[in-house]
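Structure file data.tsv (TSV, C-alpha atoms and all ligand atoms) follows.
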```tsv
chain	number	residue	atom	x	y	z
A	935	MET	CA	86.11	86.63	105.63
A	936	ILE	CA	83.48	88.80	104.00
A	937	LEU	CA	79.68	88.73	104.02
A	938	ALA	CA	78.41	88.38	100.45
A	939	GLU	CA	75.21	90.12	99.41
A	940	ILE	CA	73.19	88.76	96.52
A	941	LYS	CA	70.98	91.12	94.52
A	942	SER	CA	68.85	90.18	91.51
A	943	GLY	CA	70.33	86.69	91.50
A	944	LYS	CA	74.03	87.63	91.53
A	945	PRO	CA	76.65	89.04	93.91
A	946	ASP	CA	76.15	92.78	94.04
A	947	ARG	CA	78.81	95.26	92.99
A	948	HIS	CA	79.85	96.09	96.56
A	949	THR	CA	80.38	92.42	97.32
A	950	LEU	CA	82.70	92.09	94.31
A	951	ASP	CA	84.60	95.22	95.38
A	952	LEU	CA	84.84	93.87	98.92
A	953	LEU	CA	86.22	90.58	97.63
A	954	GLY	CA	88.83	92.44	95.58
A	955	GLY	CA	90.05	94.41	98.62
A	956	ALA	CA	89.80	91.46	101.01
A	957	ARG	CA	91.82	89.32	98.58
A	958	GLN	CA	94.71	91.78	98.87
A	959	LEU	CA	94.49	91.69	102.67
A	960	ALA	CA	94.34	87.88	102.72
A	961	ASP	CA	97.41	87.74	100.46
A	962	ALA	CA	99.25	90.24	102.67
A	963	PHE	CA	98.60	88.00	105.68
A	964	GLY	CA	99.14	84.75	103.76
A	965	GLU	CA	95.67	83.59	104.79
A	966	PRO	CA	92.76	82.14	102.79
A	967	LEU	CA	89.75	84.32	102.03
A	968	GLY	CA	86.29	83.10	102.99
A	969	ALA	CA	82.91	84.43	101.90
A	970	VAL	CA	79.69	83.84	103.82
A	971	LEU	CA	76.66	83.34	101.63
A	972	LEU	CA	73.30	83.60	103.40
A	973	GLY	CA	70.04	83.12	101.54
A	974	SER	CA	67.52	80.78	100.06
A	975	GLY	CA	68.60	78.99	96.88
A	976	VAL	CA	71.78	81.06	96.65
A	977	ARG	CA	74.34	78.27	96.70
A	978	GLU	CA	74.82	78.49	92.93
A	979	GLN	CA	76.33	81.95	93.47
A	980	ALA	CA	79.33	80.40	95.23
A	981	GLN	CA	81.36	80.04	92.03
A	982	ALA	CA	80.87	83.75	91.22
A	983	LEU	CA	82.36	84.58	94.64
A	984	ILE	CA	85.28	82.24	94.02
A	985	ALA	CA	85.85	83.76	90.57
A	986	ALA	CA	85.98	87.16	92.28
A	987	GLY	CA	88.66	86.08	94.76
A	988	ALA	CA	87.19	83.90	97.54
A	989	ASP	CA	89.01	80.64	98.39
A	990	ARG	CA	86.17	79.23	100.37
A	991	VAL	CA	82.44	79.86	100.44
A	992	LEU	CA	80.41	79.01	103.53
A	993	SER	CA	76.82	78.75	102.41
A	994	VAL	CA	73.81	78.75	104.70
A	995	ASP	CA	70.67	78.02	102.73
A	996	ASP	CA	67.37	78.45	104.52
A	997	PRO	CA	63.95	79.86	103.49
A	998	LEU	CA	64.14	82.20	106.51
A	999	LEU	CA	67.17	83.84	104.88
A	1000	GLY	CA	65.38	84.46	101.56
A	1001	ASP	CA	64.49	88.04	102.35
A	1002	TYR	CA	66.62	90.04	104.75
A	1003	GLN	CA	65.47	89.43	108.32
A	1004	ASN	CA	68.14	90.52	110.73
A	1005	ASP	CA	67.47	88.04	113.55
A	1006	ALA	CA	67.72	85.09	111.15
A	1007	CYS	CA	70.81	86.43	109.36
A	1008	LEU	CA	72.49	87.29	112.64
A	1009	ALA	CA	71.92	83.79	114.04
A	1010	ALA	CA	73.27	82.18	110.85
A	1011	LEU	CA	76.25	84.50	110.68
A	1012	GLN	CA	77.08	84.07	114.34
A	1013	ALA	CA	77.09	80.30	113.89
A	1014	VAL	CA	79.45	80.49	110.88
A	1015	VAL	CA	81.77	83.05	112.44
A	1016	GLY	CA	81.78	81.21	115.76
A	1017	ALA	CA	82.82	77.97	114.04
A	1018	HIS	CA	85.51	79.51	111.82
A	1019	ARG	CA	86.77	82.42	113.92
A	1020	PRO	CA	88.18	84.55	111.10
A	1021	GLN	CA	90.89	87.06	111.85
A	1022	LEU	CA	89.02	89.78	109.99
A	1023	LEU	CA	85.34	90.02	109.00
A	1024	LEU	CA	84.30	92.63	106.45
A	1025	PHE	CA	80.84	93.86	105.52
A	1026	GLY	CA	79.89	96.41	102.90
A	1027	HIS	CA	78.71	99.67	104.50
A	1028	THR	CA	75.34	98.86	102.97
A	1029	PRO	CA	71.94	98.78	104.69
A	1030	VAL	CA	72.52	95.08	105.46
A	1031	GLY	CA	76.13	95.55	106.63
A	1032	ARG	CA	75.24	98.58	108.74
A	1033	ASP	CA	72.46	96.61	110.39
A	1034	LEU	CA	74.27	93.32	110.97
A	1035	ALA	CA	77.87	94.28	111.78
A	1036	PRO	CA	77.23	96.14	115.05
A	1037	ARG	CA	74.79	93.49	116.25
A	1038	LEU	CA	77.34	90.76	115.62
A	1039	ALA	CA	80.19	92.75	117.19
A	1040	PHE	CA	78.02	93.27	120.28
A	1041	ARG	CA	77.20	89.57	120.53
A	1042	LEU	CA	80.83	88.55	120.10
A	1043	GLU	CA	82.04	91.36	122.38
A	1044	VAL	CA	84.59	92.54	119.83
A	1045	GLY	CA	85.36	95.94	118.33
A	1046	LEU	CA	83.88	97.35	115.14
A	1047	ALA	CA	85.24	99.95	112.72
A	1048	PRO	CA	82.33	101.30	110.65
A	1049	ASP	CA	82.44	103.03	107.25
A	1050	CYS	CA	86.13	102.40	106.54
A	1051	VAL	CA	87.74	103.88	103.45
A	1052	ALA	CA	91.00	101.95	103.88
A	1053	ILE	CA	92.17	98.88	105.76
A	1054	GLU	CA	95.90	98.41	106.07
A	1055	PRO	CA	97.49	95.13	107.14
A	1056	GLY	CA	99.66	95.43	110.25
A	1057	GLN	CA	101.66	93.12	112.51
A	1058	GLN	CA	100.43	89.73	113.76
A	1059	GLY	CA	97.12	89.82	111.97
A	1060	ALA	CA	96.12	93.23	113.26
A	1061	CYS	CA	94.80	95.82	110.82
A	1062	ARG	CA	94.68	99.59	110.80
A	1063	PHE	CA	91.18	100.80	109.94
A	1064	VAL	CA	90.85	104.27	108.44
A	1065	ARG	CA	87.58	106.16	108.35
A	1066	PRO	CA	86.54	109.77	107.76
A	1067	VAL	CA	85.34	111.71	110.81
A	1068	PHE	CA	83.87	115.19	111.42
A	1069	GLY	CA	81.91	115.12	108.18
A	1070	GLY	CA	84.93	114.07	106.16
A	1071	MET	CA	87.17	116.91	107.43
A	1072	CYS	CA	89.65	114.46	109.03
A	1073	SER	CA	90.54	110.80	108.93
A	1074	ALA	CA	90.87	108.64	112.01
A	1075	ALA	CA	92.78	105.36	112.22
A	1076	TYR	CA	91.71	102.59	114.58
A	1077	VAL	CA	93.07	99.27	115.75
A	1078	LEU	CA	90.65	96.73	117.17
A	1079	SER	CA	91.11	94.18	119.90
A	1080	GLY	CA	89.40	90.79	119.88
A	1081	ARG	CA	88.83	88.28	117.14
A	1082	PRO	CA	87.40	88.76	114.60
A	1083	GLN	CA	88.21	92.36	113.86
A	1084	ILE	CA	84.95	93.59	112.31
A	1085	ALA	CA	84.61	96.47	109.86
A	1086	THR	CA	82.15	97.83	107.34
A	1087	VAL	CA	83.69	99.22	104.15
A	1088	ARG	CA	82.36	102.29	102.36
A	1089	PRO	CA	81.12	101.57	98.82
A	1090	MET	CA	83.82	102.20	96.19
A	1091	ALA	CA	86.62	102.15	98.78
A	1092	MET	CA	87.80	98.79	97.42
A	1093	SER	CA	87.93	97.57	93.83
A	1094	ALA	CA	86.81	94.28	92.33
A	1095	ARG	CA	89.34	92.10	90.49
A	1096	GLU	CA	88.76	90.90	86.98
A	1097	PRO	CA	86.65	87.75	87.56
A	1098	ASP	CA	88.44	84.49	86.80
A	1099	PRO	CA	85.80	81.81	86.06
A	1100	SER	CA	88.50	79.12	86.07
A	1101	ARG	CA	89.42	79.79	89.73
A	1102	ARG	CA	88.65	76.85	91.98
A	1103	GLY	CA	87.64	76.98	95.63
A	1104	GLU	CA	85.84	75.08	98.32
A	1105	VAL	CA	82.10	75.37	98.92
A	1106	THR	CA	80.86	74.23	102.31
A	1107	ASP	CA	77.20	73.93	103.24
A	1108	VAL	CA	76.72	74.96	106.82
A	1109	ALA	CA	73.62	73.68	108.58
A	1110	VAL	CA	72.21	76.17	111.06
A	1111	ALA	CA	68.95	75.47	112.91
A	1112	LEU	CA	66.95	78.68	112.54
A	1113	ASP	CA	63.75	79.16	114.48
A	1114	GLY	CA	61.11	81.24	112.67
A	1115	GLY	CA	59.25	81.74	115.93
A	1116	SER	CA	62.14	83.62	117.50
A	1117	LEU	CA	62.32	86.37	114.86
A	1118	ARG	CA	61.49	89.67	116.49
A	1119	ALA	CA	61.29	91.52	113.18
A	1120	ARG	CA	59.84	89.88	110.10
A	1121	PHE	CA	60.03	90.69	106.43
A	1122	VAL	CA	56.54	91.70	105.27
A	1123	GLU	CA	56.72	93.25	101.84
A	1124	ARG	CA	59.18	94.72	99.37
A	1125	VAL	CA	58.09	98.00	97.77
A	1126	LYS	CA	60.24	99.14	94.87
A	1127	ALA	CA	61.00	102.85	94.68
A	1128	ALA	CA	59.92	104.30	91.37
A	1129	ALA	CA	63.28	104.61	89.68
A	1130	GLU	CA	63.91	106.29	86.37
A	1131	GLY	CA	66.97	105.28	84.40
A	1132	VAL	CA	70.37	104.45	85.86
A	1133	ARG	CA	70.87	104.89	89.60
A	1134	LEU	CA	73.32	107.61	90.64
A	1135	GLU	CA	75.46	105.05	92.46
A	1136	ASP	CA	75.77	102.92	89.33
A	1137	ALA	CA	76.20	105.69	86.77
A	1138	ASP	CA	79.45	105.92	84.84
A	1139	VAL	CA	78.99	109.63	84.17
A	1140	VAL	CA	77.44	112.06	86.65
A	1141	VAL	CA	76.91	115.80	86.08
A	1142	SER	CA	76.02	117.58	89.31
A	1143	GLY	CA	74.74	121.08	89.91
A	1144	GLY	CA	75.10	123.19	93.04
A	1145	ARG	CA	73.92	126.43	94.54
A	1146	GLY	CA	75.97	128.29	91.94
A	1147	LEU	CA	73.30	127.42	89.36
A	1148	GLY	CA	71.05	129.95	91.04
A	1149	SER	CA	67.65	128.45	90.18
A	1150	ALA	CA	65.71	125.27	89.45
A	1151	GLU	CA	65.37	126.29	85.79
A	1152	SER	CA	69.14	126.44	85.41
A	1153	PHE	CA	69.35	122.71	86.06
A	1154	SER	CA	68.41	122.44	82.36
A	1155	TYR	CA	72.09	123.24	81.56
A	1156	VAL	CA	73.23	120.36	83.77
A	1157	GLU	CA	70.56	118.03	82.38
A	1158	GLU	CA	71.59	118.79	78.83
A	1159	LEU	CA	75.26	118.15	79.54
A	1160	ALA	CA	74.36	114.90	81.30
A	1161	GLU	CA	72.22	113.87	78.36
A	1162	VAL	CA	74.92	114.51	75.77
A	1163	LEU	CA	77.49	112.65	77.88
A	1164	GLY	CA	75.08	109.75	78.44
A	1165	GLY	CA	75.16	110.40	82.17
A	1166	VAL	CA	72.79	111.14	85.03
A	1167	VAL	CA	72.16	114.29	87.03
A	1168	GLY	CA	73.34	114.75	90.60
A	1169	ALA	CA	73.31	117.72	92.96
A	1170	SER	CA	74.83	119.24	96.05
A	1171	LYS	CA	72.86	119.34	99.26
A	1172	ALA	CA	72.50	123.10	98.90
A	1173	ALA	CA	70.74	122.69	95.53
A	1174	CYS	CA	68.47	119.98	96.98
A	1175	ASP	CA	67.70	122.08	100.05
A	1176	GLU	CA	66.73	124.98	97.78
A	1177	GLY	CA	64.12	122.64	96.29
A	1178	TRP	CA	65.65	122.94	92.81
A	1179	ILE	CA	65.96	119.17	92.44
A	1180	SER	CA	64.74	116.06	94.21
A	1181	PRO	CA	66.68	115.12	97.40
A	1182	ASP	CA	67.32	111.64	95.98
A	1183	ARG	CA	69.82	113.33	93.59
A	1184	GLN	CA	72.05	114.47	96.46
A	1185	VAL	CA	75.67	113.38	96.29
A	1186	GLY	CA	77.75	113.38	99.45
A	1187	LEU	CA	78.13	112.33	103.01
A	1188	THR	CA	74.40	112.33	103.64
A	1189	GLY	CA	73.53	111.56	100.04
A	1190	LYS	CA	74.71	109.04	97.46
A	1191	VAL	CA	78.27	107.88	96.95
A	1192	VAL	CA	79.05	107.75	93.25
A	1193	GLY	CA	81.80	105.74	91.63
A	1194	ALA	CA	81.62	107.36	88.22
A	1195	SER	CA	84.42	107.40	85.64
A	1196	LEU	CA	83.55	111.05	85.01
A	1197	TYR	CA	82.07	113.51	87.52
A	1198	VAL	CA	81.32	117.08	86.44
A	1199	ALA	CA	80.64	119.53	89.29
A	1200	VAL	CA	78.93	122.72	88.14
A	1201	GLY	CA	78.58	125.61	90.59
A	1202	ILE	CA	79.63	123.41	93.51
A	1203	SER	CA	82.18	124.77	96.00
A	1204	GLY	CA	83.64	121.38	96.99
A	1205	ALA	CA	82.73	121.16	100.69
A	1206	SER	CA	84.16	118.05	102.35
A	1207	GLN	CA	80.66	116.65	102.83
A	1208	HIS	CA	80.04	116.85	99.09
A	1209	MET	CA	83.45	115.42	98.22
A	1210	ALA	CA	82.71	112.41	100.47
A	1211	GLY	CA	80.27	111.32	97.77
A	1212	CYS	CA	82.34	111.93	94.64
A	1213	SER	CA	86.02	111.72	95.52
A	1214	GLY	CA	86.09	108.15	94.16
A	1215	ALA	CA	85.40	109.42	90.63
A	1216	LYS	CA	88.21	108.61	88.23
A	1217	CYS	CA	88.03	112.01	86.54
A	1218	LEU	CA	86.57	115.11	88.17
A	1219	ILE	CA	85.88	118.28	86.20
A	1220	ALA	CA	84.81	121.48	87.97
A	1221	VAL	CA	83.16	124.59	86.56
A	1222	ASN	CA	83.16	127.46	89.02
A	1223	THR	CA	83.46	131.25	88.89
A	1224	ASP	CA	85.71	131.31	91.96
A	1225	ALA	CA	89.29	130.25	91.20
A	1226	GLU	CA	89.84	129.76	94.94
A	1227	ALA	CA	86.91	127.33	95.37
A	1228	PRO	CA	88.04	124.15	97.21
A	1229	ILE	CA	86.65	121.98	94.40
A	1230	PHE	CA	89.69	122.93	92.29
A	1231	LYS	CA	91.96	121.18	94.82
A	1232	HIS	CA	90.20	117.90	93.95
A	1233	ALA	CA	89.49	118.46	90.25
A	1234	HIS	CA	91.58	116.84	87.52
A	1235	TYR	CA	90.40	119.57	85.13
A	1236	GLY	CA	88.88	122.90	86.04
A	1237	VAL	CA	87.23	125.77	84.22
A	1238	VAL	CA	87.08	129.09	86.04
A	1239	GLY	CA	84.00	130.76	84.62
A	1240	ASP	CA	80.25	131.24	84.64
A	1241	TYR	CA	78.50	127.97	83.78
A	1242	LYS	CA	76.08	129.88	81.53
A	1243	LYS	CA	79.03	130.82	79.34
A	1244	VAL	CA	81.01	127.58	79.71
A	1245	LEU	CA	78.37	124.88	79.30
A	1246	PRO	CA	76.58	125.88	76.04
A	1247	PRO	CA	79.74	125.82	73.84
A	1248	LEU	CA	80.90	122.63	75.58
A	1249	ILE	CA	77.55	120.95	74.89
A	1250	LYS	CA	77.64	122.20	71.28
A	1251	LYS	CA	81.16	120.84	70.77
A	1252	LEU	CA	80.25	117.47	72.30
A	1253	ARG	CA	77.22	117.20	70.03
A	1254	GLU	CA	79.42	117.93	67.02
A	1255	LEU	CA	81.95	115.30	68.07
A	1256	LYS	CA	79.17	112.76	68.63
A	1257	SER	CA	77.66	113.37	65.23
A	1258	GLN	CA	80.97	112.74	63.41
B	1301	LIG	C1	76.37	116.96	108.52
B	1301	LIG	C2	76.41	117.56	107.14
B	1301	LIG	C3	76.18	116.74	106.05
B	1301	LIG	C4	76.22	117.26	104.77
B	1301	LIG	N1	76.02	116.43	103.70
B	1301	LIG	C5	76.16	116.93	102.46
B	1301	LIG	C6	76.03	116.08	101.32
B	1301	LIG	O1	75.76	114.86	101.43
B	1301	LIG	N2	76.19	116.63	100.09
B	1301	LIG	C7	76.49	117.96	99.91
B	1301	LIG	O2	76.61	118.37	98.75
B	1301	LIG	N3	76.61	118.77	100.97
B	1301	LIG	C8	76.43	118.31	102.22
B	1301	LIG	N4	76.52	119.16	103.28
B	1301	LIG	C9	76.57	120.62	103.01
B	1301	LIG	C10	77.97	121.11	102.66
B	1301	LIG	O3	78.67	121.44	103.82
B	1301	LIG	C11	77.88	122.37	101.77
B	1301	LIG	O4	77.13	123.35	102.44
B	1301	LIG	C12	77.25	122.12	100.41
B	1301	LIG	O5	77.85	121.03	99.77
B	1301	LIG	C13	77.41	123.36	99.54
B	1301	LIG	O6	76.76	123.17	98.31
B	1301	LIG	P1	77.23	123.98	97.03
B	1301	LIG	O7	78.67	123.69	96.77
B	1301	LIG	O8	76.26	123.72	95.97
B	1301	LIG	O9	77.01	125.50	97.49
B	1301	LIG	P2	78.05	126.62	97.85
B	1301	LIG	O10	79.01	126.19	98.86
B	1301	LIG	O11	77.24	127.84	98.12
B	1301	LIG	O12	78.87	126.82	96.50
B	1301	LIG	C14	78.36	127.35	95.32
B	1301	LIG	C15	79.51	127.52	94.35
B	1301	LIG	O13	79.02	127.94	93.10
B	1301	LIG	C16	79.94	128.84	92.55
B	1301	LIG	N5	79.23	129.69	91.59
B	1301	LIG	C17	78.40	130.73	91.83
B	1301	LIG	N6	77.90	131.23	90.69
B	1301	LIG	C18	78.43	130.47	89.69
B	1301	LIG	C19	78.28	130.48	88.28
B	1301	LIG	N7	77.47	131.36	87.66
B	1301	LIG	N8	78.97	129.56	87.55
B	1301	LIG	C20	79.77	128.66	88.17
B	1301	LIG	N9	79.95	128.60	89.51
B	1301	LIG	C21	79.28	129.49	90.26
B	1301	LIG	C22	80.49	129.60	93.74
B	1301	LIG	O14	81.77	130.17	93.44
B	1301	LIG	C23	80.57	128.52	94.80
B	1301	LIG	O15	81.84	127.90	94.82
B	1301	LIG	C24	76.48	118.65	104.58
B	1301	LIG	C25	76.72	119.47	105.68
B	1301	LIG	C26	76.69	118.93	106.95
B	1301	LIG	C27	76.95	119.82	108.12
```

Starting from the file, give its structure as structure tokens.
Amino acid sequence: MILAEIKSGKPDRHTLDLLGGARQLADAFGEPLGAVLLGSGVREQAQALIAAGADRVLSVDDPLLGDYQNDACLAALQAVVGAHRPQLLLFGHTPVGRDLAPRLAFRLEVGLAPDCVAIEPGQQGACRFVRPVFGGMCSAAYVLSGRPQIATVRPMAMSAREPDPSRRGEVTDVAVALDGGSLRARFVERVKAAAEGVRLEDADVVVSGGRGLGSAESFSYVEELAEVLGGVVGASKAACDEGWISPDRQVGLTGKVVGASLYVAVGISGASQHMAGCSGAKCLIAVNTDAEAPIFKHAHYGVVGDYKKVLPPLIKKLRELKSQ
């Protein structure tokens, strides 16, 4: 079973990825895959979850679930999970998943594996949960006792299937009596962050700069490459800490996790904490003066050289190719 999250009137990308990965686990165990849908007026999203791999959608529709309020969601989720007792319950490692999963695990007195990058099916319904530890330097594998086994899954760790709109499944409305008076924390207001362009997490192409750029002004090289590739600009923590670029551009363990098709790392050494945010990229290109820099162990293509010499001809060539 997974917890679905609905954003802007449709299942969000992480939910679709989670369904893709959970489908494989359900098939490995020969079990059906359920999706819990909590919200107000969200029932019509059930078919999108089925198309993405769910066999069954358990929908709890209540005005108290319209905006995320953890007491209300927890009560609804506990009721659904208590009634259906899934073998495995997956959340995205999203703000909602990170908030709800440990509370539910505590209430049910079962184990929790947070921020998993892989979940492997084992014997008799047990899974092996793999997650990075020590800032991404090592991986640890866990087994959990109790039912359900609960885990949160790092964004991009699983991949969505091609949606199949003809897939059929079961949609069950679950009635849960929620008491507005018992909510200890209430939703008050949603304030949208001023966002310009595509979010780093959603970008298909990301060009990131690191300390090797040497100054805030030198980010213009990275910006120009990003612009010609139709991508967005990211950065290492070191570059953000220097104040060369806004901290919301940081990629990595304590920054954003990107799932780009193309990630270009310029003047970035490739510390494990940075790689935690970009290792899911399908193609990684590194530009670095140091041939021994760890980034080259991860890069699909690498250029050993000074970015001031490498980037201008590359940008020129790309512009030429684009204009043809
Ligand atoms: C708990 C914790 C969390 C962290 N979270 C993050 C995180 O989320 N994201 C993150 O990025 N880091 C994070 N870090 C920091 C991380 O460990 C590294 O310190 C950081 O990523 C280094 O950034 P950098 O590669 O830009 O700088 P450096 O490691 O200093 O590397 C600069 C690179 O630029 C190259 N270079 C120099 N001049 C040029 C040139 N002219 N042309 C081309 N290349 C050149 C150098 O050879 C070098 O490899 C975290 C650390 C900790 C302890």

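Shortest atom-to-atom contact with A:Gly1193 among A:Arg947, A:Cys1007, A:Ala1160, A:Gly1080: A:Arg947, counting only C-alpha atoms.
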
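Of the residues listed (A:Glu1254, A:Asp1049, A:Glu1226, A:Asp1005), A:Glu1226 shows the shortest atom-to-atom separation from ligand LIG 1301 (chain B); distances use all atoms listed in the file.
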
Practice task
One decimal, Å: what's the distance from atom CA of A:Leu1008 over to atom CA of A:Arg1041, could you say?
Solution key: 9.5 Å

Problem - Selection within 7 Å of ligand LIG 1301 (chain B) by all atoms listed in the file, output as a PyMOL selection string - result: chain A and resi 1069+1143-1148+1169-1173+1184-1189+1200-1208+1211+1221-1224+1227+1239-1242

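Residue nearest A:Leu1038 within the list A:Pro1082, A:Gly943, A:Gly1026, A:Gly964: A:Pro1082 [criterion: smallest interatomic distance, only C-alpha atoms].
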
The centre and edge lengths of an axis-aligned box containing all atoms of stretch 1046-1050 of chain A present in the file, extended by 4 Å on each side, are to be given in Å to one decimal, as AutoDock Vina command-line options.
```
--center_x 84.2 --center_y 100.2 --center_z 110.8 --size_x 11.8 --size_y 13.7 --size_z 16.6
```

Find the nearest atom pair between each residue of stretch 986-1052 of chain A and stretch 1087-1107 of chain A for residues within 10 Å, count all atoms listed in the file, give distances in Å to one decimal, sort rows by chain and ascending number, and present the table as JSON lines.
```
{"residue": "A:Ala986", "atom": "CA", "partner": "A:Pro1097", "partner_atom": "CA", "distance": 4.8}
{"residue": "A:Gly987", "atom": "CA", "partner": "A:Arg1095", "partner_atom": "CA", "distance": 7.4}
{"residue": "A:Ala988", "atom": "CA", "partner": "A:Gly1103", "partner_atom": "CA", "distance": 7.2}
{"residue": "A:Asp989", "atom": "CA", "partner": "A:Gly1103", "partner_atom": "CA", "distance": 4.8}
{"residue": "A:Arg990", "atom": "CA", "partner": "A:Glu1104", "partner_atom": "CA", "distance": 4.6}
{"residue": "A:Val991", "atom": "CA", "partner": "A:Val1105", "partner_atom": "CA", "distance": 4.8}
{"residue": "A:Leu992", "atom": "CA", "partner": "A:Thr1106", "partner_atom": "CA", "distance": 5.0}
{"residue": "A:Ser993", "atom": "CA", "partner": "A:Asp1107", "partner_atom": "CA", "distance": 4.9}
{"residue": "A:Val994", "atom": "CA", "partner": "A:Asp1107", "partner_atom": "CA", "distance": 6.1}
{"residue": "A:Asp995", "atom": "CA", "partner": "A:Asp1107", "partner_atom": "CA", "distance": 7.7}
{"residue": "A:Leu1024", "atom": "CA", "partner": "A:Val1087", "partner_atom": "CA", "distance": 7.0}
{"residue": "A:Phe1025", "atom": "CA", "partner": "A:Val1087", "partner_atom": "CA", "distance": 6.2}
{"residue": "A:Gly1026", "atom": "CA", "partner": "A:Val1087", "partner_atom": "CA", "distance": 4.9}
{"residue": "A:His1027", "atom": "CA", "partner": "A:Arg1088", "partner_atom": "CA", "distance": 5.0}
{"residue": "A:Thr1028", "atom": "CA", "partner": "A:Pro1089", "partner_atom": "CA", "distance": 7.6}
{"residue": "A:Gly1031", "atom": "CA", "partner": "A:Val1087", "partner_atom": "CA", "distance": 8.8}
{"residue": "A:Arg1032", "atom": "CA", "partner": "A:Val1087", "partner_atom": "CA", "distance": 9.6}
{"residue": "A:Ala1047", "atom": "CA", "partner": "A:Val1087", "partner_atom": "CA", "distance": 8.7}
{"residue": "A:Pro1048", "atom": "CA", "partner": "A:Val1087", "partner_atom": "CA", "distance": 7.0}
{"residue": "A:Asp1049", "atom": "CA", "partner": "A:Arg1088", "partner_atom": "CA", "distance": 4.9}
{"residue": "A:Cys1050", "atom": "CA", "partner": "A:Val1087", "partner_atom": "CA", "distance": 4.7}
{"residue": "A:Val1051", "atom": "CA", "partner": "A:Ala1091", "partner_atom": "CA", "distance": 5.1}
{"residue": "A:Ala1052", "atom": "CA", "partner": "A:Ala1091", "partner_atom": "CA", "distance": 6.7}
```

Dump of C-alpha atoms for the selected residues, as a tab-separated table (two decimals), in the coordinates of the input:
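again09.tsv was written with the following content:
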```
chain	number	residue	atom	x	y	z
A	986	ALA	CA	85.98	87.16	92.28
A	987	GLY	CA	88.66	86.08	94.76
A	988	ALA	CA	87.19	83.90	97.54
A	989	ASP	CA	89.01	80.64	98.39
A	990	ARG	CA	86.17	79.23	100.37
A	991	VAL	CA	82.44	79.86	100.44
A	992	LEU	CA	80.41	79.01	103.53
A	993	SER	CA	76.82	78.75	102.41
A	994	VAL	CA	73.81	78.75	104.70
A	995	ASP	CA	70.67	78.02	102.73
A	1024	LEU	CA	84.30	92.63	106.45
A	1025	PHE	CA	80.84	93.86	105.52
A	1026	GLY	CA	79.89	96.41	102.90
A	1027	HIS	CA	78.71	99.67	104.50
A	1028	THR	CA	75.34	98.86	102.97
A	1031	GLY	CA	76.13	95.55	106.63
A	1032	ARG	CA	75.24	98.58	108.74
A	1047	ALA	CA	85.24	99.95	112.72
A	1048	PRO	CA	82.33	101.30	110.65
A	1049	ASP	CA	82.44	103.03	107.25
A	1050	CYS	CA	86.13	102.40	106.54
A	1051	VAL	CA	87.74	103.88	103.45
A	1052	ALA	CA	91.00	101.95	103.88
```

Fill in the blank from the handout: Pairwise distance, atom CA of A:Gln1058 with atom CA of A:His1018, equals 18.2 Å

Handout entry: Selected residue, from A:Pro1228, A:Asp1136, A:Gly1059, A:Ser1079, that lies nearest to A:Asp961 when counting only C-alpha atoms
Key = A:Gly1059

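Closest approach to A:Val1067 among A:Leu1112, A:Ala1210, A:Glu978, A:Ala1009: A:Ala1210, based on all atoms listed in the file.
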
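In this model, the gap between atom CA of A:Gly973 and atom CA of A:Ala1127 comes to 22.8 Å.
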
Exercise for the section: Could you please give me, as a PyMOL selection string, the residues of protein, DNA or RNA lying at most 10 Å from (83.3, 110.1, 89.0) in the coordinate frame of the file, considering only C-alpha atoms? Expected result: chain A and resi 1135+1137-1141+1191-1199+1211-1219

Problem - Among listed residues A:Ala982, A:Val1014, A:Leu1245, A:Met1209, nearest A:Ala1233 (using all atoms listed in the file) - result: A:Met1209

Need the shell around A:Ile1084: protein/DNA/RNA residues with any atom at most 8 Å away, counting all atoms listed in the file. Skip same-chain ones fewer than 4 positions apart. Format as a PDB file with C-alpha atoms, in the frame of the given file?
```
ATOM      1  CA  LEU A1022      89.020  89.780 109.990  1.00  0.00           C
ATOM      2  CA  LEU A1023      85.340  90.020 109.000  1.00  0.00           C
ATOM      3  CA  LEU A1024      84.300  92.630 106.450  1.00  0.00           C
ATOM      4  CA  PHE A1025      80.840  93.860 105.520  1.00  0.00           C
ATOM      5  CA  ALA A1035      77.870  94.280 111.780  1.00  0.00           C
ATOM      6  CA  ALA A1039      80.190  92.750 117.190  1.00  0.00           C
ATOM      7  CA  VAL A1044      84.590  92.540 119.830  1.00  0.00           C
ATOM      8  CA  GLY A1045      85.360  95.940 118.330  1.00  0.00           C
ATOM      9  CA  LEU A1046      83.880  97.350 115.140  1.00  0.00           C
ATOM     10  CA  ALA A1047      85.240  99.950 112.720  1.00  0.00           C
TER      11      ALA A1047
END
```

Please list as an mmCIF file with C-alpha atoms, keeping the file's coordinate frame every residue within 6 Å of A:Phe1063, counting all atoms listed in the file and excluding residues in the same chain fewer than 5 positions away.
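Result went into part30.cif, see below:
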```cif
data_model
loop_
_atom_site.group_PDB
_atom_site.id
_atom_site.type_symbol
_atom_site.label_atom_id
_atom_site.label_comp_id
_atom_site.auth_asym_id
_atom_site.auth_seq_id
_atom_site.Cartn_x
_atom_site.Cartn_y
_atom_site.Cartn_z
ATOM 1 C CA ILE A 1053 92.170 98.880 105.760
ATOM 2 C CA ALA A 1075 92.780 105.360 112.220
ATOM 3 C CA TYR A 1076 91.710 102.590 114.580
#
```
